[in-house]
Structures are given as structure tokens and as C-alpha cells.
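Everything below concerns the one structure shown next.
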Amino acid sequence: MISLNHGVITGGNFTQINHHGQKAPIDTLKDAVAVNAFHNSAARFDPPKCHPRTRVKILDDIMTWILGQGQDTPVKPFLWLNGAAGAGKSAIAQSTIERCIERGLSLSSFFFNKSDPTRNHARPLIATLAYQLYCAFPETEVQTAMLSAIAKDPLIFNRTIQCQFTTLVVQPLKTYLSRHKFPEPQTSFLIVIDGLDECIEPAGSQKVILSDLAKSLHGSNTGIQIFVASRPEHDITFSFSSEYLYDHHTFLSLDLDAQAEAKKDIRLYLFERFAHINDRFNKRRKGSKLDKSWPAERVIEELVKKSSGQFIYAATVIRYVESTRHRPDRRLDMVLELRPHDGNHPFAELDALYAKILESSSNIEKVLEVLSLVFLEVVASKDGHSSVNEIEKVLAYDEGEVETIFCDLGALVMLSQPPRSTLKILHASLYDYLLDEARSKQFHINLRGKYIGKHMGNILEYLALYAPDYDPDSYSSLGMRVANFFIYNSEELRSCTIPPELPQVAFLFPLGQFLAPHFLSTGVKYHAMDFAVAFLHFLRIMALKDPTYSYIEDHQHRNLDTVMIHPLKKYLDDEALALVLALFCHLGSDRFVPWCDICSTFTALGGMLPGLTPSEPLMDDILSLASPGMLKEVTGRPDLLKEAEAPNEALFIYFDYMRRFLRSTSAPSPAVYAKAAKFCFDALPFKLRVPSSSWKRNAVADVTEDDPCPHLVFYDKHFFGPWKLSITCSDTLSDRNTIDMGSYTDEQLVADDEAERLWQRETLGAVYFTILGYLIFFLPRCGRSDDLIAACKRQQASYIDKPHNPFPIRWRRLHIEINNYLARVLPTSNV
């Protein structure tokens, strides 16, 4: 058969085609072709393809399908390779085509490109495929049938895709195959369509292309196979689940491919390309050379990690570094942000890709809101995944709304299938892009801008609505996890923008109702207490940023008062806790109640009082009132505090609230002071060693007012008051907790034992000194108590038996206060 422009010769017959001034069929076909879409088009010069020895498994899987050697018999006509942006789909498609050409297989291809107006739409698709089919079967029935069909209908390329494909591809091949039997019909003709997601017009064309191609092939038995490579966009995913395609396609996903395999390929690619760059650069005649070990293996591993299994990141790095105008090592430093870039940003190409994908979103505000929630790990579970269902709950979205929001962004984000659908960001570099305003511009996510405040409000609304989901004893509960985020990030509100809806949310939050189940007279859940402290901190920051919000703080203080009254009862009924309560209200305010380490005080008392373990009173301190005693050298205003080992600014605000609350409830009452004094009296009868001579040096107090004590200092910058008692353990003793004692010499052990005895003597002396001061301060405030009266009388007897004391001034003042107390609460005859 010979094909002519105006006629066809088949055997001995000549068929004349008269066009009467119209275009020849072959010209009509050529005019409808998108030449830039060919796999070997000049517009795609140096097209991406797989680096040698990489992507071996996925390429072998595709060739197995093409050759009909897989498990599916007969071979399913469609193969869908999907993956995120930059996963290497186009490179795999190109490499597949080149493999097929080497094997002599007939094929045609179409490479869509969103930015090329000649191949970003559906109109030239079938003409381009048909032209390549025409060229693949020269001087055969394929050409005859195709030209004849065009001649009969010169407007064929204005018909539906199904009509075009059936008329110009399926029927010509069927005619050809009816006369020429292939040993393997399923490999008769391959069609490769790459980047279907970049077919952007007309709207819905991606679905139309797939459904029309599937309908044309249904029952045709032509052996046509169609390999589609695309991102998992919503319309494409939906189409492959439709009637004509669901059971007729093989599915391959680069995102589901083994991460270890992808990382291995990227590592190999980077090693070989950097070695080539190194070798080429060092062959220059002038200039300093690169070290043979450049770049270090740890740098390669960092780049592999950043790539997230996507070749585009690694390829972008290589293209930037291999510039012949610059030193490769300096360019790589710019990639790693070890030096400022020179105006030519390393990831300009990658940024353009991300921007293009994000621009396709129909609701970018909600996309960024969800991504910020994920970046902040607000709902992250222990495995690090973010549940779609939990995202929708916290953001008050409708069920299924997250899937709709991200339906056009499958290139960047993958949503796993129900029932436990999770959201996974496919590119680690997307995080860097969105957080860098200079790169992402209008898509910038400023986590310390509006988003912290916005999500604080979302969390409070969720907790208000789903309070039963808050379980302080279970990290797995969503309520517990979002409350944790609130606790750990309340301080961040200071540097953030307060969104307009946040004050109203903070005012309406039912704080008392929310905490009530966890604030009982028998105990307070530690996490619930942490939440209360963080919430008070959050309110204070809002009021400091805008004083008009102070009404919210006052309102929520009253709400918190309603639940604080329940655990407070425990302090009113217990002697040790009564002491904690009394001290909390007065610490640092007077030389007799100095700001001190309550933990050390109780530790010392535990060694002196039978049956009292050092941690017992503190374990029962359910309102954390002993925490001020654990403060280190923190001074100044609360808004200028340096970070201390134990509390932070949030605790100062909580203590401030508790003092106001206790004043409003008239606590501590005379009965509480009486219990606190009784607890102190119980410690006094036990013998203490005489303090060392160091007590007589560097004392602040005048001997006529108080006993000298070098540990008692007056410093008016302390937040809790000017008076402080400081006793520190020697460094040597602290080190003994971590050093292997077997390595100590006998001399060192003896020296340490002596130091320990000295420290114990100093500590017990200070505790005794402090307890005397507590009693002197408390007794004038005590109400009548039979137990306290009995303790006072025992102490009077002790004073007579042991008139001498290491602290004579305090000893004498105590007994003056005892006499005053007994005279006040007892009839004259009983004093």
C-alpha cells in the first residue's frame, strides 16, 4: 500500500480522493497535533528521565504490565501511576517510553504541561496520539482507515473525545489487527499520557478524557494499553473509581512505594551527581580544588531526609549546585542555609511549583489553617499522624470537609482511606517553604502570628463543646492532647496577633464547669491544675496586650473561684497542709516567715518527726501552694522574669490569683493558723545539734531584734517579699549523686562525710531557726484550739527545763507569744 496526499493505492486498486479545495486529510491531522506534547519534542529538550540504577523496581513493574507478564490475565487496559509533585512521574514515563522503543514496541504519548498553552487542554490529545499511531504503522490499513475517516468527516476533531478516539485510533487498529495477527495482542499499541492533572481546561476535562477512553476500549479487544501518570487529584481519583475503570486498571503509587527504596535511589543519585560535579570542577586548571570527600556523607543524608522520597528536591539541589559560574561548595552551603544566597535562590524552581499547586486551591485560607494546625502538631497522636476526623472536630468543620478542601492538592498532601483517615504532608521541604515568608509570600504560614491565637480559640471551643472527651489520665484522648498544646503554648500568645474572635471565646469558655469534675476536695488532677494555670496565664497576657480585655480576666477568676473552694477544704482540715496554706499567704513578707525552700524544710522535718515522710505534705499539696518555696534566684517584676528551673511566669500569675482568692475567702482563718502552729510545735521537742560558728558571721539582724543568721537576707527585689532564707547543698555532695562511689579514695569519702555532716547541721539549724520564726508569726493570728493550747503548755515546760537555746532571742520571743496566746484564749485562772 502506498499513501499519497490525494489518493491511496492498495494492491492494484487506486482510490482518488477529491478535496475540492479542502485540506488533505493528512494536513487536517497535522494541524490538530500538539507537537510540544511528544516525548521527543524539541520543547521538552533534555526531558527528565530516571538516573541509571534508580527506580528499577517501579520501571520493571510497568514493563511487566506492558508485556503482559504480570498476574493479571488478561492484562487490564489501564495502568495508573500516581504520586506527589516531584515524585518523578514524568521521568518514569520518559524512561518507560525509551525502554519500549529499545524493544521495538509501537507507542504514542502526550505530555501535558500546565504552563504551555499548546498542551494544557484536551483538544489536541487524540489528534496527537493518532498522528503517532499513523507514523508507527506506515503504509498499512491503519493509515488508510485513519485518512478515510478524516476525509469523511473533516470536522472530526470537533467531536467528543470518545468519538475521536474510536474513529481514529480504535477502529484503524482493529482493522489492521483483523488482517495481521500479533503473537501477543495485548502489546499491540501503547499510549502514554503524562501529567493528566495539568490538563486544566475545559473544566472537568480530566474526568471526560478517562471516561471516554475507557468507553472506547470497552469490549474492543484491540490490545491498546494506556499508561496514565498523574498526581492523585480529586477528579482523577474519582474517575478511576468509576464504572468503566474500577476493575479495568492497575494501580501503582509512588507515595505508597517503599520509602526505603525511594531514599536509596535518591541517595545513589546524589552520590553519583556530586561525584561528577566534584570531578568536573577539580579538572579546572586554576583555583582551589574541592576536597575529594566533598560533600560529607552526613550532608548527603540530610538532603535525602529533606527530599521525603521525592526526586524533585534532590534534582533541584543538583541543578543549583552544578552551575559552572559558581563554586559548588559555596552553592551547596546556600542550599543548607550556611551562607546567604546571592539573589539566585536555590529553590526558586521548587517554590514556583509549590505556588502553582497552591494557586489551584478553591479555599486557600482553610488549606493554610489546616496545615498550620498540622505544623503545630495540635492534634498529633503518638505516632505523629494527624487524624482527619480530629482536625475537623477541632476546627469545627463538617465531616468530609478536609477531603473537599484538599481535593485539588493531592500533589502535596495525601489523605489515607477511612476508617482512620490521616493527613500526610508529602514533602518535608513544603514545611520550609510555607514558613519562609520571602519564599511563600501570600501562602506564608506565620505560626507565631495569627495562627497560635486562632488555634487557641479553636481548642477552647472544642473543649467547651466536648468536655467529656477531656481525660487528664489518658494521653490518647483528643481533649487531653489539645489541652496539652494550650498548656505548653500559652506563653506564645505574647508575641502573636490576637484574632478578633478570641476574646469572645475566652469570655464564654465555661472554666468552672470544665474543671469541676477534676477539682474535688479529695484531690485535683495534676493536668487539670496545669490547664488552670495556663488559662490564667493566657488571660493575663490578653489583658496586658489590650487592657480592655481585663474584664475577661475578672469574669473567669470568679468562675475559677467556684471550683477552687472544694480542694481548699483539704487545707483547712490537715495540720501539715494548714502550714503550707499559712506560709503561702505570707512567704517573704516578714523576717519570721522568709521565702525559703519548703521542700528542704519538709525533708528535714521528715527526719525529725516520727511517721512523717519528707514528701507526704507536698504529695497532698493538691493546689501546688508549696511551689513558691521551690523558686531559685528569680527576681524582678513578673513580666521581666528570667526562666527558673521550676516555675515560670504562669505560676507567678497563678500564685497572684490564689492570694486574691484566699483573701476573698478569709483564708487562712484563725483555725488554720492554729493547725499550722500545732504542726510546728510538734517539731520542736527533738534535740538539734548546736549550729556552727558561721551563724555569727554576716548576719543581717540586730542582736536586740533577732538572732544573727547568715542565711537570712533582705533583698527588696524578690517578687514574694524582701525576706529570704537560702541554704544550698555543697557541690561535692551534689556530685556524689552521679559519681561512681567505687572510684572514691578513703580520704575523699572521709572529707565528703564531714561535708555532709556540716551541711546537715546547717540545714537542721536553719529549719529550727525558721520554725521558731513561724511560731512567733502565727501565734498572734491563731484561734482557740485545745490541741494548740496543750502544745503551748508542753513548750512552756520545755522552756523551764532548757532555758538555753542556740537562738536565745527567738526562744525568748516565742515564749512571750505563747504566754500572750494562752492569756487570750484561756480564762485567767488557767494561764
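Here, A, B, ... name the chains of the C-alpha cells in the order displayed, residue numbers run from 1 inside each chain, and ligands are numbered from 1 in the same displayed order.
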
* To do: Mind listing the helix (DSSP H, G or I) residues of region 48-113 of chain A, per DSSP on the backbone, as an MDAnalysis selection string?
  => chainID A and resid 56:66 89:102

* **Val672 (chain A) environment, 12 Å, only C-alpha atoms, sequence neighbours closer than 6 positions dropped, as a ChimeraX atom specification** => /A:568-583,585,666,678-679,778-779,781-785,788

* CA of Leu725 (chain A) to CA of His586 (chain A): how many Å, to one decimal? ->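 These two atoms are separated by 13.8 Å.
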
* To do: Just the residues within 9 Å of Leu822 (chain A), please, counting only C-alpha atoms, with nothing from its chain fewer than 3 positions along; format it as number ranges by chain.
  => A: 784, 789, 792-793, 817-819, 825-828, 830-831

Quick one: which region 54-128 of chain A residues come within 10 Å of region 309-328 of chain A, and what is the nearest atom pair for each with the distance in Å to one decimal, counting only C-alpha atoms, rows ordered by chain and ascending number, as CSV?
```
residue,atom,partner,partner_atom,distance
A:Gly83,CA,A:Gln310,CA,9.1
A:Ala84,CA,A:Gln310,CA,7.7
A:Ala85,CA,A:Ile312,CA,7.8
A:Gly86,CA,A:Ile312,CA,4.3
A:Ala87,CA,A:Gln310,CA,4.2
A:Gly88,CA,A:Phe311,CA,5.7
A:Lys89,CA,A:Phe311,CA,9.5
A:Ala91,CA,A:Phe311,CA,9.5
```

* For CA of Asp212 (chain A) and CA of Ile161 (chain A), the interatomic separation in Å (one decimal) ->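 The value is 6.1 Å.
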
* Asked: So how many Å separate CA of Pro124 (chain A) and CA of Thr64 (chain A), to one decimal?
  ->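 It comes out at 29.7 Å.
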
* **Residue neighbourhood Asp473 (chain A), 10 Å, only C-alpha atoms, exclusion window fewer than 6 positions, as a PyMOL selection string** => chain A and resi 480+525-528

Residue selection dump (all heavy atoms) as a CSV table (one decimal), in the first residue's frame:
```csv
chain,number,residue,atom,x,y,z
A,480,MET,N,-7.3,15.7,75.9
A,480,MET,CA,-6.1,15.8,76.7
A,480,MET,C,-5.0,16.4,75.8
A,480,MET,O,-4.2,17.2,76.2
A,480,MET,CB,-5.7,14.4,77.1
A,480,MET,CG,-4.3,14.3,77.8
A,480,MET,SD,-4.2,15.1,79.3
A,480,MET,CE,-2.7,14.4,79.9
A,525,LYS,N,-6.6,16.7,89.7
A,525,LYS,CA,-5.8,16.1,88.7
A,525,LYS,C,-4.7,17.1,88.3
A,525,LYS,O,-4.9,18.2,88.1
A,525,LYS,CB,-6.7,15.8,87.5
A,525,LYS,CG,-7.8,14.8,87.7
A,525,LYS,CD,-7.4,13.4,87.9
A,525,LYS,CE,-8.5,12.5,87.9
A,525,LYS,NZ,-8.1,11.1,88.1
A,526,TYR,N,-3.5,16.5,88.3
A,526,TYR,CA,-2.3,17.4,88.0
A,526,TYR,C,-2.5,18.1,86.7
A,526,TYR,O,-2.2,19.3,86.6
A,526,TYR,CB,-1.0,16.6,88.0
A,526,TYR,CG,-0.6,16.1,89.4
A,526,TYR,CD1,-0.4,14.8,89.7
A,526,TYR,CD2,-0.4,17.0,90.4
A,526,TYR,CE1,-0.1,14.3,90.9
A,526,TYR,CE2,0.0,16.6,91.7
A,526,TYR,CZ,0.2,15.3,91.9
A,526,TYR,OH,0.5,14.8,93.2
A,527,HIS,N,-2.9,17.4,85.7
A,527,HIS,CA,-3.0,18.0,84.4
A,527,HIS,C,-4.1,19.1,84.4
A,527,HIS,O,-4.0,20.1,83.7
A,527,HIS,CB,-3.3,17.0,83.3
A,527,HIS,CG,-3.2,17.5,81.9
A,527,HIS,ND1,-4.2,18.1,81.2
A,527,HIS,CD2,-2.1,17.5,81.1
A,527,HIS,CE1,-3.8,18.4,80.0
A,527,HIS,NE2,-2.6,18.1,79.9
A,528,ALA,N,-5.2,18.9,85.1
A,528,ALA,CA,-6.3,19.9,85.2
A,528,ALA,C,-5.7,21.1,85.9
A,528,ALA,O,-6.1,22.3,85.5
A,528,ALA,CB,-7.5,19.3,86.0
```

* Gly773 (chain A) environment, 6 Å, only C-alpha atoms, sequence neighbours closer than 3 positions dropped, as an NGL selection string -> :A and (592 or 770 or 776)

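Closest approach to Ala506 (chain A) among A:Thr28, A:Ser476, A:Ser108, A:Asn458: A:Asn458, based on only C-alpha atoms.
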
* Asked: Which of region 149-385 of chain A counts as strand (DSSP E) under DSSP, as an NGL selection string please?
  -> :A and (189-194 or 224-230 or 249-253)

Could those selected residues go to a file with N, CA and C atoms, as a short mmCIF file (atom, residue, chain, number, x, y, z; two decimals), in the first residue's frame?
```cif
data_model
loop_
_atom_site.label_atom_id
_atom_site.label_comp_id
_atom_site.auth_asym_id
_atom_site.auth_seq_id
_atom_site.Cartn_x
_atom_site.Cartn_y
_atom_site.Cartn_z
N PHE A 189 -0.25 -1.93 20.97
CA PHE A 189 -0.02 -0.49 20.92
C PHE A 189 -0.13 0.09 22.33
N LEU A 190 0.86 0.92 22.68
CA LEU A 190 0.92 1.55 24.00
C LEU A 190 0.68 3.05 23.87
N ILE A 191 -0.16 3.58 24.72
CA ILE A 191 -0.38 5.03 24.80
C ILE A 191 0.07 5.50 26.18
N VAL A 192 0.93 6.51 26.21
CA VAL A 192 1.43 7.07 27.47
C VAL A 192 0.91 8.49 27.59
N ILE A 193 0.16 8.76 28.66
CA ILE A 193 -0.36 10.10 28.93
C ILE A 193 0.23 10.55 30.26
N ASP A 194 1.09 11.55 30.21
CA ASP A 194 1.77 12.03 31.43
C ASP A 194 1.20 13.38 31.84
N ILE A 224 -4.89 -2.30 22.87
CA ILE A 224 -4.38 -0.96 23.23
C ILE A 224 -4.24 -0.90 24.75
N GLN A 225 -3.08 -0.44 25.20
CA GLN A 225 -2.85 -0.23 26.63
C GLN A 225 -2.55 1.25 26.87
N ILE A 226 -3.13 1.78 27.94
CA ILE A 226 -2.98 3.21 28.24
C ILE A 226 -2.32 3.37 29.61
N PHE A 227 -1.16 3.97 29.59
CA PHE A 227 -0.39 4.24 30.82
C PHE A 227 -0.58 5.71 31.17
N VAL A 228 -1.23 5.99 32.31
CA VAL A 228 -1.50 7.35 32.76
C VAL A 228 -0.65 7.65 33.99
N ALA A 229 0.10 8.73 33.94
CA ALA A 229 0.88 9.17 35.10
C ALA A 229 0.35 10.54 35.54
N SER A 230 0.00 10.66 36.81
CA SER A 230 -0.56 11.93 37.28
C SER A 230 -0.46 12.03 38.79
N HIS A 249 -8.20 -1.26 35.64
CA HIS A 249 -6.91 -0.57 35.72
C HIS A 249 -6.04 -1.18 36.81
N THR A 250 -4.74 -1.09 36.57
CA THR A 250 -3.74 -1.50 37.56
C THR A 250 -3.22 -0.23 38.22
N PHE A 251 -3.03 -0.31 39.52
CA PHE A 251 -2.71 0.89 40.31
C PHE A 251 -1.28 0.79 40.84
N LEU A 252 -0.49 1.83 40.59
CA LEU A 252 0.85 1.94 41.17
C LEU A 252 0.98 3.32 41.79
N SER A 253 1.46 3.39 43.01
CA SER A 253 1.61 4.68 43.69
C SER A 253 3.04 4.87 44.15
#
```

* Between A:Gly410, A:Pro77, A:Gly400, A:Gly457, single out the one closest to Leu502 (chain A), counting only C-alpha atoms. =>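 When distances to Leu502 (chain A) are compared using only C-alpha atoms, the smallest one comes from A:Gly457.
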
* **Who sits within 9 Å of Phe240 (chain A), only C-alpha atoms, same chain under 3 positions skipped, as an NGL selection string** => :A and (80 or 207 or 210-211 or 235-237 or 243-249)

Let me see the file: selected residues, N, CA, C and O atoms, as an mmCIF file, in the first residue's frame.
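That gives us selection-v3.cif:
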```cif
data_model
loop_
_atom_site.group_PDB
_atom_site.id
_atom_site.type_symbol
_atom_site.label_atom_id
_atom_site.label_comp_id
_atom_site.auth_asym_id
_atom_site.auth_seq_id
_atom_site.Cartn_x
_atom_site.Cartn_y
_atom_site.Cartn_z
ATOM 1 N N TRP A 80 -2.444 3.128 36.120
ATOM 2 C CA TRP A 80 -2.379 4.490 36.682
ATOM 3 C C TRP A 80 -1.219 4.563 37.661
ATOM 4 O O TRP A 80 -1.212 3.894 38.703
ATOM 5 N N LYS A 207 -11.780 14.099 33.886
ATOM 6 C CA LYS A 207 -12.757 13.016 34.004
ATOM 7 C C LYS A 207 -13.260 12.578 32.631
ATOM 8 O O LYS A 207 -13.426 11.384 32.368
ATOM 9 N N LEU A 210 -10.642 10.346 30.712
ATOM 10 C CA LEU A 210 -10.554 8.977 31.214
ATOM 11 C C LEU A 210 -11.808 8.167 30.901
ATOM 12 O O LEU A 210 -11.730 7.018 30.459
ATOM 13 N N SER A 211 -12.966 8.760 31.135
ATOM 14 C CA SER A 211 -14.198 8.003 30.905
ATOM 15 C C SER A 211 -14.399 7.713 29.423
ATOM 16 O O SER A 211 -14.818 6.613 29.041
ATOM 17 N N ASP A 235 -10.521 14.681 40.828
ATOM 18 C CA ASP A 235 -11.269 14.223 39.654
ATOM 19 C C ASP A 235 -10.681 12.946 39.069
ATOM 20 O O ASP A 235 -11.411 12.052 38.611
ATOM 21 N N ILE A 236 -9.355 12.858 39.076
ATOM 22 C CA ILE A 236 -8.700 11.681 38.501
ATOM 23 C C ILE A 236 -8.933 10.463 39.398
ATOM 24 O O ILE A 236 -9.257 9.369 38.922
ATOM 25 N N THR A 237 -8.763 10.659 40.704
ATOM 26 C CA THR A 237 -9.013 9.562 41.647
ATOM 27 C C THR A 237 -10.451 9.076 41.529
ATOM 28 O O THR A 237 -10.715 7.863 41.520
ATOM 29 N N GLU A 243 -17.391 3.302 36.975
ATOM 30 C CA GLU A 243 -17.868 2.025 36.431
ATOM 31 C C GLU A 243 -16.913 1.427 35.396
ATOM 32 O O GLU A 243 -16.589 0.239 35.441
ATOM 33 N N TYR A 244 -16.464 2.244 34.442
ATOM 34 C CA TYR A 244 -15.684 1.706 33.333
ATOM 35 C C TYR A 244 -14.212 1.477 33.670
ATOM 36 O O TYR A 244 -13.511 0.819 32.907
ATOM 37 N N LEU A 245 -13.743 2.037 34.770
ATOM 38 C CA LEU A 245 -12.312 1.960 35.081
ATOM 39 C C LEU A 245 -11.981 1.184 36.343
ATOM 40 O O LEU A 245 -10.846 0.729 36.511
ATOM 41 N N TYR A 246 -12.920 1.043 37.264
ATOM 42 C CA TYR A 246 -12.624 0.476 38.579
ATOM 43 C C TYR A 246 -11.960 -0.902 38.477
ATOM 44 O O TYR A 246 -10.941 -1.168 39.116
ATOM 45 N N ASP A 247 -12.533 -1.782 37.649
ATOM 46 C CA ASP A 247 -11.988 -3.144 37.518
ATOM 47 C C ASP A 247 -11.089 -3.302 36.307
ATOM 48 O O ASP A 247 -10.716 -4.420 35.945
ATOM 49 N N HIS A 248 -10.758 -2.184 35.666
ATOM 50 C CA HIS A 248 -10.008 -2.282 34.416
ATOM 51 C C HIS A 248 -8.708 -1.488 34.452
ATOM 52 O O HIS A 248 -8.205 -1.084 33.408
ATOM 53 N N HIS A 249 -8.196 -1.258 35.642
ATOM 54 C CA HIS A 249 -6.909 -0.567 35.722
ATOM 55 C C HIS A 249 -6.038 -1.182 36.808
ATOM 56 O O HIS A 249 -6.522 -1.729 37.797
#
```

* Asked: Got a sec: who's within 9 Å of Lys454 (chain A), counting only C-alpha atoms, leaving out chain neighbours fewer than 2 positions off, as an NGL selection string?
  -> :A and (369 or 450-452 or 456-459 or 497-499 or 501-502)

* **Nearest to Ser308 (chain A), chosen from A:Thr522, A:Ser372, A:Ser429, A:Ser216, with only C-alpha atoms counted in the distances** =>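 Looking only at the distances to Ser308 (chain A), the closest residue turns out to be A:Ser429.
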